[in-house]
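Asker: Take a look at this one; I'll ask things after.
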Amino acid sequence: MPQTGPQTRPQTRGNAMLSDRYGLPLATSSAAARDAYVEGCDLVLTLYPGAVAAFDRAIAADPAFALAHAGRARALQMAADIAGAQAAIATAQDLAGRAPERVASHVSIFALLVGGKPDAALAAVRKHMATWPRDALVASTAANQTGLIGLSGRAGREQDQLDFLESLAPHYGDDWWFNGHYAMALAELGHHTAARPLIEKSMASQPVRQIGFLSIAPAAIAKNDIESFRAGLSRFGYDEGRNIHIEYRYADDDAIHTCRLNDVDPQAWLADVLARIADHPANRIDELLPWHWRPRQPVAAAA
């Protein structure tokens, strides 16, 4: 279960509106709904299973909790249950009409996402984050290579993503989720010295998060640091052998998901990268990233 850090469980009184671990009001007075919602958000942020069940518990505790319905829609969308996501976001939209401005804006963004309107969603994300920079669930939609910026197809999207995260960095401090993605964006553009301390902080707080290894990998490869790379593979469930056997906790794990989005076999990619990193030029590191990768030689299909 992801740790939630020192911001969790803010003090409340009576029927006062509760807040999430980022200090944002949630438009619910149910502590049980709040706790389940925070759990669901952290599971979405870490790409771990169980988010739908957590949001279901939040809704059971407070059926009018619009954010829980929106969170459930996002979790269902990530699990490729589009019909379920559409039904959940429709309920969230109905409830958001009576909700505070931040909640209504949050719900509208996920409605655009579920509705298949990424350009409009990204514009709405940028506007929303300018006012509510600590809305992590909204920020997460544009925080990695498989998000709204990373998959936009626009020239300069790597720098755009780093700029987006840099603008939010003052608002997140040592937050484990944010620092993992910020570090990855830095590493993608070769800023390994700046990325490493953020990676270590993120992994120290969340030692089982795959995002830590995915942030370290570019730096390890760039330095031809094979031992660090292989240790990372082992730590996060990737075993080296005649074939690479991938153990993963969730189908939307960033590396696997990124490979599939680029029509790349994750096992073939890992096997080929392991075989090549010792001799691969550091100034051509981008050739080994899933969206640029081409096998040096035919790779046998996984058993």
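Quick note on naming: the chains in the structure tokens go A, B, ... in the order shown, residues restart at 1 in each chain, and ligands are numbered from 1 in order of appearance.
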Run DSSP on the backbone and grab whatever in stretch 12-185 of chain A lands in helix (DSSP H, G or I); send it over as a compact mmCIF listing (two decimals) with N, CA, C and O atoms, in the first residue's frame.
Answerer:
```
# COMPACT_ATOMS: atom_id res chain seq x y z
N ALA A 31 -15.13 11.13 6.93
CA ALA A 31 -13.73 10.74 7.08
C ALA A 31 -13.45 9.43 6.36
O ALA A 31 -12.38 9.24 5.76
N ALA A 32 -14.41 8.51 6.39
CA ALA A 32 -14.22 7.23 5.70
C ALA A 32 -14.11 7.44 4.19
O ALA A 32 -13.28 6.82 3.52
N ALA A 33 -14.94 8.35 3.65
CA ALA A 33 -14.87 8.65 2.22
C ALA A 33 -13.54 9.30 1.88
O ALA A 33 -12.92 8.95 0.86
N ARG A 34 -13.12 10.25 2.71
CA ARG A 34 -11.83 10.92 2.47
C ARG A 34 -10.68 9.92 2.48
O ARG A 34 -9.82 9.92 1.58
N ASP A 35 -10.62 9.05 3.50
CA ASP A 35 -9.52 8.10 3.61
C ASP A 35 -9.47 7.15 2.40
O ASP A 35 -8.40 6.86 1.87
N ALA A 36 -10.63 6.66 1.99
CA ALA A 36 -10.67 5.75 0.85
C ALA A 36 -10.28 6.48 -0.44
O ALA A 36 -9.60 5.92 -1.32
N TYR A 37 -10.69 7.74 -0.56
CA TYR A 37 -10.35 8.53 -1.74
C TYR A 37 -8.84 8.76 -1.81
O TYR A 37 -8.23 8.60 -2.89
N VAL A 38 -8.22 9.13 -0.71
CA VAL A 38 -6.77 9.33 -0.68
C VAL A 38 -6.05 8.04 -1.08
O VAL A 38 -5.09 8.06 -1.86
N GLU A 39 -6.54 6.91 -0.58
CA GLU A 39 -5.95 5.63 -0.95
C GLU A 39 -6.08 5.38 -2.45
O GLU A 39 -5.12 4.99 -3.12
N GLY A 40 -7.26 5.63 -2.99
CA GLY A 40 -7.48 5.43 -4.41
C GLY A 40 -6.59 6.31 -5.26
O GLY A 40 -6.01 5.86 -6.26
N CYS A 41 -6.44 7.57 -4.86
CA CYS A 41 -5.56 8.49 -5.61
C CYS A 41 -4.12 8.00 -5.60
O CYS A 41 -3.44 8.01 -6.64
N ASP A 42 -3.63 7.56 -4.44
CA ASP A 42 -2.25 7.09 -4.38
C ASP A 42 -2.05 5.83 -5.22
O ASP A 42 -1.00 5.63 -5.82
N LEU A 43 -3.05 4.98 -5.29
CA LEU A 43 -2.95 3.79 -6.12
C LEU A 43 -2.94 4.15 -7.61
O LEU A 43 -2.23 3.54 -8.41
N VAL A 44 -3.71 5.17 -8.00
CA VAL A 44 -3.66 5.65 -9.38
C VAL A 44 -2.29 6.25 -9.67
O VAL A 44 -1.67 5.98 -10.71
N LEU A 45 -1.78 7.06 -8.75
CA LEU A 45 -0.49 7.71 -8.96
C LEU A 45 0.65 6.71 -9.07
O LEU A 45 1.61 6.93 -9.81
N THR A 46 0.57 5.62 -8.33
CA THR A 46 1.62 4.61 -8.37
C THR A 46 1.37 3.53 -9.40
O THR A 46 2.18 2.63 -9.58
N ALA A 51 -7.36 0.62 -7.11
CA ALA A 51 -7.89 1.98 -7.06
C ALA A 51 -9.41 1.99 -7.21
O ALA A 51 -10.10 2.73 -6.50
N VAL A 52 -9.96 1.18 -8.11
CA VAL A 52 -11.41 1.17 -8.31
C VAL A 52 -12.11 0.76 -7.02
O VAL A 52 -13.10 1.39 -6.61
N ALA A 53 -11.58 -0.26 -6.35
CA ALA A 53 -12.18 -0.72 -5.09
C ALA A 53 -12.11 0.37 -4.03
O ALA A 53 -13.05 0.56 -3.24
N ALA A 54 -11.01 1.10 -3.98
CA ALA A 54 -10.88 2.19 -3.01
C ALA A 54 -11.89 3.29 -3.28
O ALA A 54 -12.54 3.79 -2.36
N PHE A 55 -12.03 3.67 -4.55
CA PHE A 55 -13.01 4.70 -4.88
C PHE A 55 -14.44 4.20 -4.62
O PHE A 55 -15.31 4.98 -4.22
N ASP A 56 -14.67 2.91 -4.82
CA ASP A 56 -15.98 2.35 -4.50
C ASP A 56 -16.30 2.50 -3.01
O ASP A 56 -17.44 2.81 -2.64
N ARG A 57 -15.28 2.30 -2.17
CA ARG A 57 -15.49 2.47 -0.72
C ARG A 57 -15.78 3.93 -0.39
O ARG A 57 -16.60 4.23 0.48
N ALA A 58 -15.10 4.84 -1.07
CA ALA A 58 -15.35 6.26 -0.85
C ALA A 58 -16.78 6.62 -1.23
O ALA A 58 -17.47 7.36 -0.51
N ILE A 59 -17.25 6.09 -2.34
CA ILE A 59 -18.60 6.37 -2.81
C ILE A 59 -19.64 5.74 -1.89
O ILE A 59 -20.70 6.34 -1.62
N ALA A 60 -19.35 4.54 -1.37
CA ALA A 60 -20.27 3.90 -0.43
C ALA A 60 -20.43 4.75 0.83
O ALA A 60 -21.52 4.83 1.40
N ALA A 61 -19.34 5.39 1.25
CA ALA A 61 -19.39 6.23 2.45
C ALA A 61 -20.07 7.56 2.18
O ALA A 61 -20.67 8.16 3.08
N ALA A 66 -18.36 13.78 -5.53
CA ALA A 66 -18.08 13.89 -6.98
C ALA A 66 -16.66 13.49 -7.33
O ALA A 66 -16.43 12.82 -8.35
N LEU A 67 -15.68 13.89 -6.53
CA LEU A 67 -14.30 13.57 -6.84
C LEU A 67 -14.04 12.07 -6.83
O LEU A 67 -13.22 11.56 -7.60
N ALA A 68 -14.72 11.34 -5.95
CA ALA A 68 -14.54 9.89 -5.91
C ALA A 68 -15.07 9.25 -7.19
O ALA A 68 -14.48 8.31 -7.73
N HIS A 69 -16.18 9.75 -7.71
CA HIS A 69 -16.70 9.24 -8.97
C HIS A 69 -15.73 9.56 -10.12
O HIS A 69 -15.52 8.74 -11.02
N ALA A 70 -15.13 10.76 -10.10
CA ALA A 70 -14.17 11.13 -11.14
C ALA A 70 -12.91 10.27 -11.03
O ALA A 70 -12.36 9.83 -12.05
N GLY A 71 -12.45 10.03 -9.80
CA GLY A 71 -11.29 9.16 -9.60
C GLY A 71 -11.57 7.75 -10.09
O GLY A 71 -10.72 7.10 -10.72
N ARG A 72 -12.77 7.28 -9.81
CA ARG A 72 -13.17 5.95 -10.28
C ARG A 72 -13.18 5.91 -11.81
O ARG A 72 -12.75 4.92 -12.42
N ALA A 73 -13.64 6.98 -12.44
CA ALA A 73 -13.64 7.04 -13.91
C ALA A 73 -12.22 6.95 -14.45
O ALA A 73 -11.96 6.24 -15.43
N ARG A 74 -11.30 7.67 -13.82
CA ARG A 74 -9.91 7.63 -14.26
C ARG A 74 -9.32 6.23 -14.10
O ARG A 74 -8.64 5.72 -15.00
N ALA A 75 -9.58 5.60 -12.96
CA ALA A 75 -9.05 4.26 -12.73
C ALA A 75 -9.62 3.26 -13.73
O ALA A 75 -8.90 2.38 -14.24
N LEU A 76 -10.89 3.38 -14.04
CA LEU A 76 -11.51 2.49 -15.01
C LEU A 76 -10.97 2.75 -16.42
O LEU A 76 -10.74 1.82 -17.20
N GLN A 77 -10.74 4.01 -16.75
CA GLN A 77 -10.16 4.34 -18.05
C GLN A 77 -8.77 3.71 -18.18
O GLN A 77 -8.44 3.14 -19.23
N MET A 78 -7.97 3.80 -17.14
CA MET A 78 -6.62 3.23 -17.17
C MET A 78 -6.66 1.71 -17.28
O MET A 78 -5.72 1.10 -17.78
N ILE A 82 -13.79 1.41 -20.76
CA ILE A 82 -14.25 2.71 -21.23
C ILE A 82 -15.73 2.93 -20.90
O ILE A 82 -16.13 4.03 -20.48
N ALA A 83 -16.55 1.90 -21.07
CA ALA A 83 -17.97 2.05 -20.75
C ALA A 83 -18.16 2.38 -19.27
O ALA A 83 -18.96 3.26 -18.91
N GLY A 84 -17.43 1.69 -18.42
CA GLY A 84 -17.51 1.97 -16.99
C GLY A 84 -17.02 3.36 -16.66
O GLY A 84 -17.60 4.06 -15.82
N ALA A 85 -15.93 3.79 -17.32
CA ALA A 85 -15.39 5.13 -17.09
C ALA A 85 -16.39 6.20 -17.51
O ALA A 85 -16.56 7.22 -16.83
N GLN A 86 -17.06 5.98 -18.64
CA GLN A 86 -18.04 6.96 -19.11
C GLN A 86 -19.21 7.08 -18.15
O GLN A 86 -19.69 8.19 -17.89
N ALA A 87 -19.67 5.96 -17.62
CA ALA A 87 -20.77 6.00 -16.66
C ALA A 87 -20.36 6.71 -15.38
O ALA A 87 -21.11 7.53 -14.82
N ALA A 88 -19.13 6.44 -14.92
CA ALA A 88 -18.65 7.05 -13.68
C ALA A 88 -18.47 8.56 -13.84
O ALA A 88 -18.83 9.34 -12.94
N ILE A 89 -17.92 8.99 -14.97
CA ILE A 89 -17.69 10.42 -15.14
C ILE A 89 -19.01 11.16 -15.35
O ILE A 89 -19.15 12.34 -14.95
N ALA A 90 -20.00 10.50 -15.93
CA ALA A 90 -21.32 11.13 -16.08
C ALA A 90 -21.94 11.42 -14.72
O ALA A 90 -22.51 12.49 -14.48
N THR A 91 -21.79 10.48 -13.79
CA THR A 91 -22.28 10.70 -12.43
C THR A 91 -21.51 11.83 -11.76
O THR A 91 -22.10 12.69 -11.10
N ALA A 92 -20.20 11.84 -11.94
CA ALA A 92 -19.38 12.91 -11.37
C ALA A 92 -19.80 14.28 -11.89
O ALA A 92 -19.88 15.25 -11.12
N GLN A 93 -20.07 14.36 -13.17
CA GLN A 93 -20.50 15.63 -13.75
C GLN A 93 -21.84 16.10 -13.18
O GLN A 93 -22.03 17.29 -12.92
N ASP A 94 -22.76 15.17 -13.00
CA ASP A 94 -24.05 15.53 -12.40
C ASP A 94 -23.86 16.10 -11.01
O ASP A 94 -24.50 17.11 -10.64
N LEU A 95 -22.97 15.49 -10.23
CA LEU A 95 -22.75 15.93 -8.85
C LEU A 95 -21.92 17.22 -8.80
O LEU A 95 -22.09 18.03 -7.89
N ALA A 96 -21.03 17.41 -9.76
CA ALA A 96 -20.13 18.56 -9.74
C ALA A 96 -20.86 19.88 -9.97
O ALA A 96 -20.33 20.95 -9.66
N GLU A 101 -15.68 25.32 -7.14
CA GLU A 101 -15.07 25.53 -8.45
C GLU A 101 -13.94 24.55 -8.74
O GLU A 101 -13.84 24.03 -9.86
N ARG A 102 -13.08 24.28 -7.77
CA ARG A 102 -11.96 23.37 -8.01
C ARG A 102 -12.46 21.98 -8.35
O ARG A 102 -11.94 21.32 -9.27
N VAL A 103 -13.47 21.52 -7.65
CA VAL A 103 -14.03 20.20 -7.91
C VAL A 103 -14.64 20.14 -9.31
O VAL A 103 -14.42 19.19 -10.07
N ALA A 104 -15.39 21.17 -9.68
CA ALA A 104 -16.02 21.20 -11.01
C ALA A 104 -14.97 21.19 -12.11
O ALA A 104 -15.11 20.49 -13.12
N SER A 105 -13.89 21.95 -11.92
CA SER A 105 -12.82 21.99 -12.92
C SER A 105 -12.12 20.63 -13.01
O SER A 105 -11.84 20.13 -14.12
N HIS A 106 -11.85 20.02 -11.87
CA HIS A 106 -11.22 18.70 -11.81
C HIS A 106 -12.05 17.68 -12.58
O HIS A 106 -11.54 16.93 -13.42
N VAL A 107 -13.33 17.64 -12.31
CA VAL A 107 -14.22 16.68 -12.96
C VAL A 107 -14.27 16.93 -14.46
O VAL A 107 -14.26 15.99 -15.27
N SER A 108 -14.32 18.19 -14.86
CA SER A 108 -14.42 18.49 -16.29
C SER A 108 -13.20 18.01 -17.06
O SER A 108 -13.31 17.60 -18.22
N ILE A 109 -12.04 18.04 -16.43
CA ILE A 109 -10.81 17.57 -17.09
C ILE A 109 -10.90 16.07 -17.36
O ILE A 109 -10.59 15.60 -18.47
N PHE A 110 -11.36 15.32 -16.37
CA PHE A 110 -11.45 13.87 -16.58
C PHE A 110 -12.59 13.52 -17.54
O PHE A 110 -12.52 12.50 -18.24
N ALA A 111 -13.59 14.37 -17.62
CA ALA A 111 -14.63 14.17 -18.62
C ALA A 111 -14.05 14.32 -20.02
O ALA A 111 -14.39 13.56 -20.94
N LEU A 112 -13.16 15.29 -20.22
CA LEU A 112 -12.51 15.45 -21.51
C LEU A 112 -11.61 14.26 -21.84
O LEU A 112 -11.57 13.78 -22.97
N LEU A 113 -10.89 13.77 -20.83
CA LEU A 113 -10.02 12.62 -21.03
C LEU A 113 -10.82 11.39 -21.43
O LEU A 113 -10.50 10.71 -22.41
N VAL A 114 -11.84 11.09 -20.63
CA VAL A 114 -12.66 9.92 -20.92
C VAL A 114 -13.38 10.08 -22.25
O VAL A 114 -13.61 9.10 -22.97
N PRO A 118 -7.95 14.79 -26.01
CA PRO A 118 -6.69 15.07 -25.32
C PRO A 118 -6.21 16.51 -25.44
O PRO A 118 -5.65 17.06 -24.48
N ASP A 119 -6.38 17.15 -26.59
CA ASP A 119 -5.91 18.53 -26.74
C ASP A 119 -6.68 19.47 -25.81
O ASP A 119 -6.08 20.32 -25.13
N ALA A 120 -8.00 19.32 -25.78
CA ALA A 120 -8.80 20.15 -24.88
C ALA A 120 -8.49 19.83 -23.43
O ALA A 120 -8.44 20.73 -22.58
N ALA A 121 -8.24 18.56 -23.14
CA ALA A 121 -7.90 18.16 -21.77
C ALA A 121 -6.60 18.79 -21.33
O ALA A 121 -6.49 19.30 -20.20
N LEU A 122 -5.58 18.79 -22.20
CA LEU A 122 -4.29 19.36 -21.83
C LEU A 122 -4.41 20.87 -21.60
O LEU A 122 -3.84 21.40 -20.64
N ALA A 123 -5.16 21.56 -22.43
CA ALA A 123 -5.37 23.00 -22.22
C ALA A 123 -6.06 23.24 -20.87
O ALA A 123 -5.70 24.16 -20.13
N ALA A 124 -7.03 22.39 -20.55
CA ALA A 124 -7.74 22.52 -19.28
C ALA A 124 -6.84 22.20 -18.10
O ALA A 124 -6.93 22.83 -17.04
N VAL A 125 -5.94 21.21 -18.27
CA VAL A 125 -4.98 20.87 -17.21
C VAL A 125 -4.08 22.06 -16.91
O VAL A 125 -3.85 22.41 -15.75
N ARG A 126 -3.54 22.68 -17.94
CA ARG A 126 -2.65 23.83 -17.73
C ARG A 126 -3.38 24.96 -16.98
O ARG A 126 -2.82 25.56 -16.06
N LYS A 127 -4.60 25.24 -17.37
CA LYS A 127 -5.37 26.29 -16.71
C LYS A 127 -5.66 25.93 -15.26
O LYS A 127 -5.52 26.76 -14.35
N HIS A 128 -6.05 24.69 -15.04
CA HIS A 128 -6.39 24.22 -13.70
C HIS A 128 -5.17 24.29 -12.78
O HIS A 128 -5.27 24.76 -11.63
N MET A 129 -4.02 23.81 -13.25
CA MET A 129 -2.82 23.77 -12.41
C MET A 129 -2.31 25.16 -12.07
O MET A 129 -1.64 25.34 -11.05
N ALA A 130 -2.62 26.15 -12.89
CA ALA A 130 -2.21 27.52 -12.57
C ALA A 130 -2.92 28.03 -11.33
O ALA A 130 -2.39 28.87 -10.59
N THR A 131 -4.10 27.50 -11.06
CA THR A 131 -4.86 27.92 -9.88
C THR A 131 -4.73 26.93 -8.73
O THR A 131 -4.64 27.34 -7.56
N ALA A 136 -2.71 16.79 -7.56
CA ALA A 136 -1.80 15.80 -8.13
C ALA A 136 -2.47 14.88 -9.14
O ALA A 136 -1.85 14.48 -10.13
N LEU A 137 -3.72 14.51 -8.91
CA LEU A 137 -4.38 13.60 -9.84
C LEU A 137 -4.52 14.25 -11.21
O LEU A 137 -4.37 13.59 -12.24
N VAL A 138 -4.81 15.54 -11.24
CA VAL A 138 -4.87 16.26 -12.51
C VAL A 138 -3.47 16.39 -13.10
O VAL A 138 -3.25 16.14 -14.29
N ALA A 139 -2.50 16.76 -12.27
CA ALA A 139 -1.12 16.90 -12.76
C ALA A 139 -0.61 15.59 -13.36
O ALA A 139 0.14 15.59 -14.34
N SER A 140 -1.03 14.46 -12.79
CA SER A 140 -0.53 13.16 -13.25
C SER A 140 -0.89 12.87 -14.70
O SER A 140 -0.22 12.06 -15.35
N THR A 141 -1.91 13.51 -15.21
CA THR A 141 -2.32 13.25 -16.60
C THR A 141 -1.32 13.79 -17.61
O THR A 141 -1.36 13.41 -18.78
N ALA A 142 -0.41 14.66 -17.15
CA ALA A 142 0.58 15.25 -18.06
C ALA A 142 1.99 15.13 -17.51
O ALA A 142 2.89 15.83 -17.96
N ARG A 157 8.32 18.18 -27.07
CA ARG A 157 7.45 17.78 -25.97
C ARG A 157 8.22 17.39 -24.70
O ARG A 157 7.70 17.54 -23.60
N GLU A 158 9.46 16.88 -24.85
CA GLU A 158 10.24 16.53 -23.67
C GLU A 158 10.54 17.77 -22.84
O GLU A 158 10.42 17.77 -21.61
N GLN A 159 10.93 18.87 -23.52
CA GLN A 159 11.19 20.12 -22.81
C GLN A 159 9.90 20.70 -22.26
O GLN A 159 9.87 21.25 -21.14
N ASP A 160 8.82 20.57 -23.00
CA ASP A 160 7.52 21.07 -22.54
C ASP A 160 7.12 20.35 -21.26
O ASP A 160 6.63 20.98 -20.30
N GLN A 161 7.34 19.04 -21.22
CA GLN A 161 6.98 18.30 -20.02
C GLN A 161 7.83 18.71 -18.84
O GLN A 161 7.34 18.87 -17.71
N LEU A 162 9.14 18.91 -19.07
CA LEU A 162 10.01 19.36 -17.99
C LEU A 162 9.60 20.75 -17.52
O LEU A 162 9.55 21.02 -16.31
N ASP A 163 9.28 21.64 -18.44
CA ASP A 163 8.83 22.99 -18.06
C ASP A 163 7.55 22.92 -17.22
O ASP A 163 7.40 23.67 -16.24
N PHE A 164 6.64 22.05 -17.61
CA PHE A 164 5.39 21.87 -16.86
C PHE A 164 5.68 21.45 -15.43
O PHE A 164 5.13 22.02 -14.47
N LEU A 165 6.56 20.47 -15.26
CA LEU A 165 6.87 19.98 -13.92
C LEU A 165 7.70 20.99 -13.13
O LEU A 165 7.50 21.15 -11.92
N GLU A 166 8.61 21.68 -13.78
CA GLU A 166 9.41 22.70 -13.08
C GLU A 166 8.51 23.80 -12.52
O GLU A 166 8.77 24.34 -11.44
N SER A 167 7.46 24.13 -13.24
CA SER A 167 6.55 25.18 -12.75
C SER A 167 5.80 24.73 -11.49
O SER A 167 5.38 25.56 -10.69
N LEU A 168 5.65 23.42 -11.33
CA LEU A 168 4.93 22.89 -10.17
C LEU A 168 5.85 22.53 -9.00
O LEU A 168 5.39 22.39 -7.87
N ALA A 169 7.15 22.37 -9.27
CA ALA A 169 8.08 21.88 -8.26
C ALA A 169 8.04 22.65 -6.94
O ALA A 169 8.09 22.03 -5.87
N PRO A 170 7.94 23.98 -6.94
CA PRO A 170 7.92 24.69 -5.65
C PRO A 170 6.73 24.31 -4.76
O PRO A 170 6.77 24.56 -3.56
N HIS A 171 5.72 23.72 -5.35
CA HIS A 171 4.50 23.40 -4.59
C HIS A 171 4.52 21.99 -3.99
O HIS A 171 3.62 21.63 -3.23
N TRP A 176 6.95 12.22 -2.77
CA TRP A 176 7.52 11.06 -3.46
C TRP A 176 7.00 10.91 -4.88
O TRP A 176 7.76 10.60 -5.80
N TRP A 177 5.70 11.13 -5.08
CA TRP A 177 5.15 10.95 -6.43
C TRP A 177 5.72 12.00 -7.38
O TRP A 177 6.22 11.69 -8.47
N PHE A 178 5.66 13.25 -6.98
CA PHE A 178 6.10 14.32 -7.86
C PHE A 178 7.58 14.19 -8.19
O PHE A 178 7.98 14.31 -9.37
N ASN A 179 8.41 13.93 -7.20
CA ASN A 179 9.85 13.88 -7.44
C ASN A 179 10.24 12.75 -8.37
O ASN A 179 11.20 12.87 -9.15
N GLY A 180 9.51 11.62 -8.32
CA GLY A 180 9.81 10.54 -9.24
C GLY A 180 9.61 10.96 -10.70
O GLY A 180 10.45 10.69 -11.56
N HIS A 181 8.51 11.63 -10.96
CA HIS A 181 8.23 12.06 -12.34
C HIS A 181 9.09 13.25 -12.76
O HIS A 181 9.52 13.34 -13.93
N TYR A 182 9.35 14.15 -11.83
CA TYR A 182 10.23 15.29 -12.13
C TYR A 182 11.63 14.78 -12.49
O TYR A 182 12.25 15.25 -13.46
N ALA A 183 12.10 13.80 -11.72
CA ALA A 183 13.42 13.23 -12.00
C ALA A 183 13.46 12.57 -13.38
O ALA A 183 14.44 12.70 -14.12
N MET A 184 12.39 11.86 -13.73
CA MET A 184 12.37 11.22 -15.04
C MET A 184 12.43 12.25 -16.15
O MET A 184 13.14 12.07 -17.15
N ALA A 185 11.69 13.35 -16.00
CA ALA A 185 11.71 14.39 -17.02
C ALA A 185 13.10 15.02 -17.15
O ALA A 185 13.56 15.31 -18.26
```
Asker: Calculate how many Å separate atom CA of A:Gly147 from atom CA of A:Leu289, rounding to one decimal.
Answerer: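 Calculated distance between atom CA of A:Gly147 and atom CA of A:Leu289 is 16.0 Å.
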Asker: Counting only C-alpha atoms, figure out which residue out of A:Arg196, A:Arg154, A:His292, A:Arg98 gets nearest to A:Ala64.
Answerer: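 Of the candidates, the smallest distance to A:Ala64 is held by A:Arg98.
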Asker: Please measure the separation of atom CA of A:Asp135 and atom CA of A:Met17, giving the value in Å to one decimal.
Answerer: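 According to the coordinates, atom CA of A:Asp135 and atom CA of A:Met17 are separated by 16.6 Å.
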Asker: Which is closest to A:Ala99 among A:Gly156, A:Tyr48, A:Leu26, A:Val264, if we use only C-alpha atoms?
Answerer: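 Ranking A:Gly156, A:Tyr48, A:Leu26, A:Val264 by distance to A:Ala99, first place goes to A:Leu26.
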Asker: Between A:Asp272, A:Gly50, A:Phe65, A:Thr28, single out the one closest to A:Ala79, counting only C-alpha atoms.
Answerer: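 For A:Ala79, the nearest of the candidates is A:Gly50.
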